[in-house]
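Asker: This is the structure, below, for whatever I ask next.
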Amino acid sequence: MALLLGKSKGRRTLNNPKSEPPAALSAYYEQYKTQNIQTVYKDYYPSAESSKEETNLLAEKRLEVSKAAERLNTDKKSFTAANRQASQEREDEGVRCYDWAYARQESSHSLDI
């Protein structure tokens with residue numbers, strides 16, 4: 001009966017809530033996710049068998065990567081600021097962009113009709 005009422009409103013309603021995935025599937029996914037992360041980041045994080053020197057070297061490597069990311073973020077912000085400034089200058093000059101072609105817009109008061 002509830003299904004019929006749901007259809008009359010234009011959408012289906014479920015009588016039972018969505019169930020959780022089986023425990024075996026969840027355990028498999030957690031293992032897959034962990035192995036995948038270890039595979040991707042093996043160059044930056046030490047394994048259980050790593051020596052103290054290797055652990056320190058990998059810590060320095062992670063630090064260098066994070067510094068590069070900070071520099072990229074700074075470069076991105078300055079590039080965005082330069083684009084905003086160039087856009088403002090084009091707008092002040094009356095230049096509009098259409099499909100990579102530039103067209104100078106004539107002011108409405110300069111046209112005599």
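By convention here, the chains of the structure tokens are called A, B, ... in the order presented, each chain's residues are numbered starting at 1, and ligands are numbered starting at 1 in the order presented.
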So which bits of range 59-101 of chain A end up helix (DSSP H, G or I) when you DSSP the backbone, as a VMD selection string?

Answerer: chain A and resid 59 to 93

Asker: Would you output that residue set with C-alpha atoms, as a PDB file, in the first residue's frame?

Answerer:
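The new file part33.pdb reads:
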ATOM      1  CA  ALA A  59      61.024  12.768   6.328  1.00  0.00           C
ATOM      2  CA  GLU A  60      63.293  15.274   4.547  1.00  0.00           C
ATOM      3  CA  LYS A  61      61.852  14.182   1.198  1.00  0.00           C
ATOM      4  CA  ARG A  62      58.290  14.786   2.460  1.00  0.00           C
ATOM      5  CA  LEU A  63      59.347  18.209   3.709  1.00  0.00           C
ATOM      6  CA  GLU A  64      60.732  19.121   0.280  1.00  0.00           C
ATOM      7  CA  VAL A  65      57.505  18.003  -1.392  1.00  0.00           C
ATOM      8  CA  SER A  66      55.432  20.114   0.994  1.00  0.00           C
ATOM      9  CA  LYS A  67      57.648  23.158   0.340  1.00  0.00           C
ATOM     10  CA  ALA A  68      57.160  22.679  -3.403  1.00  0.00           C
ATOM     11  CA  ALA A  69      53.391  22.502  -2.860  1.00  0.00           C
ATOM     12  CA  GLU A  70      53.480  25.764  -0.894  1.00  0.00           C
ATOM     13  CA  ARG A  71      55.461  27.421  -3.701  1.00  0.00           C
ATOM     14  CA  LEU A  72      52.967  26.141  -6.283  1.00  0.00           C
ATOM     15  CA  ASN A  73      50.100  27.523  -4.233  1.00  0.00           C
ATOM     16  CA  THR A  74      51.840  30.904  -4.008  1.00  0.00           C
ATOM     17  CA  ASP A  75      52.497  30.887  -7.759  1.00  0.00           C
ATOM     18  CA  LYS A  76      48.858  30.021  -8.397  1.00  0.00           C
ATOM     19  CA  LYS A  77      47.681  32.939  -6.256  1.00  0.00           C
ATOM     20  CA  SER A  78      49.982  35.409  -8.024  1.00  0.00           C
ATOM     21  CA  PHE A  79      48.912  34.054 -11.433  1.00  0.00           C
ATOM     22  CA  THR A  80      45.259  34.459 -10.450  1.00  0.00           C
ATOM     23  CA  ALA A  81      45.917  38.022  -9.274  1.00  0.00           C
ATOM     24  CA  ALA A  82      47.658  38.842 -12.576  1.00  0.00           C
ATOM     25  CA  ASN A  83      44.693  37.436 -14.515  1.00  0.00           C
ATOM     26  CA  ARG A  84      42.258  39.506 -12.468  1.00  0.00           C
ATOM     27  CA  GLN A  85      44.302  42.637 -13.075  1.00  0.00           C
ATOM     28  CA  ALA A  86      44.496  41.958 -16.829  1.00  0.00           C
ATOM     29  CA  SER A  87      40.748  41.312 -16.921  1.00  0.00           C
ATOM     30  CA  GLN A  88      40.093  44.601 -15.135  1.00  0.00           C
ATOM     31  CA  GLU A  89      42.372  46.458 -17.564  1.00  0.00           C
ATOM     32  CA  ARG A  90      40.530  44.939 -20.555  1.00  0.00           C
ATOM     33  CA  GLU A  91      37.206  45.911 -19.022  1.00  0.00           C
ATOM     34  CA  ASP A  92      38.417  49.475 -18.379  1.00  0.00           C
ATOM     35  CA  GLU A  93      39.520  49.732 -22.023  1.00  0.00           C
TER      36      GLU A  93
END
